[in-house]
Amino acid sequence: MFEKIKKKGFQVMALHHAEAILTHDMADAAIELERVLLDVTIPAEELVRGGGGEGELTQRLRRALTNDYGWAKHNFEIKKIVDGVEKESISHEIDHIKRFPTGTFALEIEWNNKDPFFDRDLENFKRLHADGVISIGAIITRGSSLQDSLREVIAAFARKSGINESAALSKYYSPTQRQLENIKRASVSKGSFEEGWAHAFVADKFGEATTHWRKLEDRVRRGVGNPCPLLLIGIPKQVVKV
């Protein structure tokens, strides 16, 4: 299962019978996901560019899943009715849902959010599975190799692009005064602007408190989301092009 993306360095973890479900009952779901992920590439410049909202990688993944394979956003509304009277109504919005003949697949992409978003996703999956409306839940996030190599990637991009002073950053984003001060201090301690900027930039944008593999793995190891069948996928450093 997922052998092609594993060969490209992707991390794949299946929990609570998810592998059996995908192998025997929902093989088409695994095939579609793997096709989308095999096309993933991230230009290093994209990691650096500023701008609010979703990252460009997330947008590309969403378009491929939705437009090519019909994994659409869906809002589940669950109501508790007692003797004809509605007592409770809860909604769960999931970014990508696809219904297969043998079950429903729920998928979230957490490229670079605050890590409590993992708790939200996993708890939503747990509730929806308990209510019998999804068969499996999946999360795609930054893998360990990508998270661990970000400073190296950004420093290499800086050297290749001639980013050796703060003024050169204006082409990509506008650092705040606090960020400029952090870059200056880091440049002194790391011995060069390129290394200092990479260190400060990654700490600020892709720090430990954001969504990446270790934060996700910590949660599922503690049982968050259990017993919902879960598929976790980590995007590797190999997809980044400097």
# chains A, B, ... in the order shown; residues from 1 in each chain; ligands from 1
>>> select_by_dssp(residues="region 9-151 of chain A", states="strand (DSSP E or B)", output="PyMOL selection string")
chain A and resi 11-15+42-43+72-82+85-100+103-110+114+136-142
>>> residues_around(residues="Arg219 (chain A)", least_positions_apart="5", cutoff="8 Å", atoms="only C-alpha atoms", output="PDB file with C-alpha atoms, in the first residue's frame")
ATOM      1  CA  PHE A 118      -4.577  18.210  14.748  1.00  0.00           C
ATOM      2  CA  ASP A 119      -6.703  17.799  17.878  1.00  0.00           C
ATOM      3  CA  VAL A 224      -6.299  11.008  20.163  1.00  0.00           C
TER       4      VAL A 224
END
>>> residues_around(residues="His199 (chain A)", least_positions_apart="5", cutoff="12 Å", atoms="only C-alpha atoms", output="list in words")
Asp148, Ser149, Leu150, Arg151, Glu152, Val153, Ile154, Ala155, Ala156, Ala158, Gln179, Asn182, Ile183, Lys184, Arg185, Ala186, Ser187, Val188, Ser189, Lys190, Gly191, Ser192, Phe193, Glu194, Asp204, Lys205, Phe206 and Gly207 of chain A
>>> closest_residue(among="A:Glu45, A:Ala209, A:Lys8, A:Arg159", to="Pro236 (chain A)", atoms="only C-alpha atoms")
A:Lys8
>>> residues_around(residues="Asn67 (chain A)", least_positions_apart="6", cutoff="12 Å", atoms="only C-alpha atoms", output="number ranges by chain")
A: 36, 59-61, 73, 96
>>> write_last_selection(atoms="C-alpha atoms", output="PDB file, in the first residue's frame")
ATOM      1  CA  VAL A  36      -2.216  13.094  -6.404  1.00  0.00           C
ATOM      2  CA  GLN A  59      -4.202  24.909  -2.952  1.00  0.00           C
ATOM      3  CA  ARG A  60      -2.713  22.611  -5.600  1.00  0.00           C
ATOM      4  CA  LEU A  61      -3.559  19.506  -3.576  1.00  0.00           C
ATOM      5  CA  LYS A  73     -15.662  19.825   1.023  1.00  0.00           C
ATOM      6  CA  HIS A  96     -12.288  16.599   1.538  1.00  0.00           C
TER       7      HIS A  96
END
>>> atom_distance(atom1="CA of Leu216 (chain A)", atom2="CA of Ala18 (chain A)")
16.5 Å
>>> residues_around(residues="Leu128 (chain A)", least_positions_apart="2", cutoff="12 Å", atoms="only C-alpha atoms", output="JSON, numbers by chain")
{"A": [75, 76, 77, 78, 90, 91, 92, 93, 94, 97, 104, 105, 106, 121, 122, 123, 124, 125, 126, 130, 131, 132, 133, 134, 135, 136, 137, 225, 226, 227, 228, 229]}
>>> closest_residue(among="A:Gly234, A:Gly55, A:Gly9, A:Gly84", to="Gln147 (chain A)", atoms="only C-alpha atoms")
A:Gly234
>>> closest_residue(among="A:Thr210, A:Glu46, A:Thr23, A:Ile31", to="Lys4 (chain A)", atoms="only C-alpha atoms")
A:Ile31
>>> closest_residue(among="A:Val48, A:Asn112, A:Thr141, A:Pro101", to="Tyr172 (chain A)", atoms="only C-alpha atoms")
A:Val48
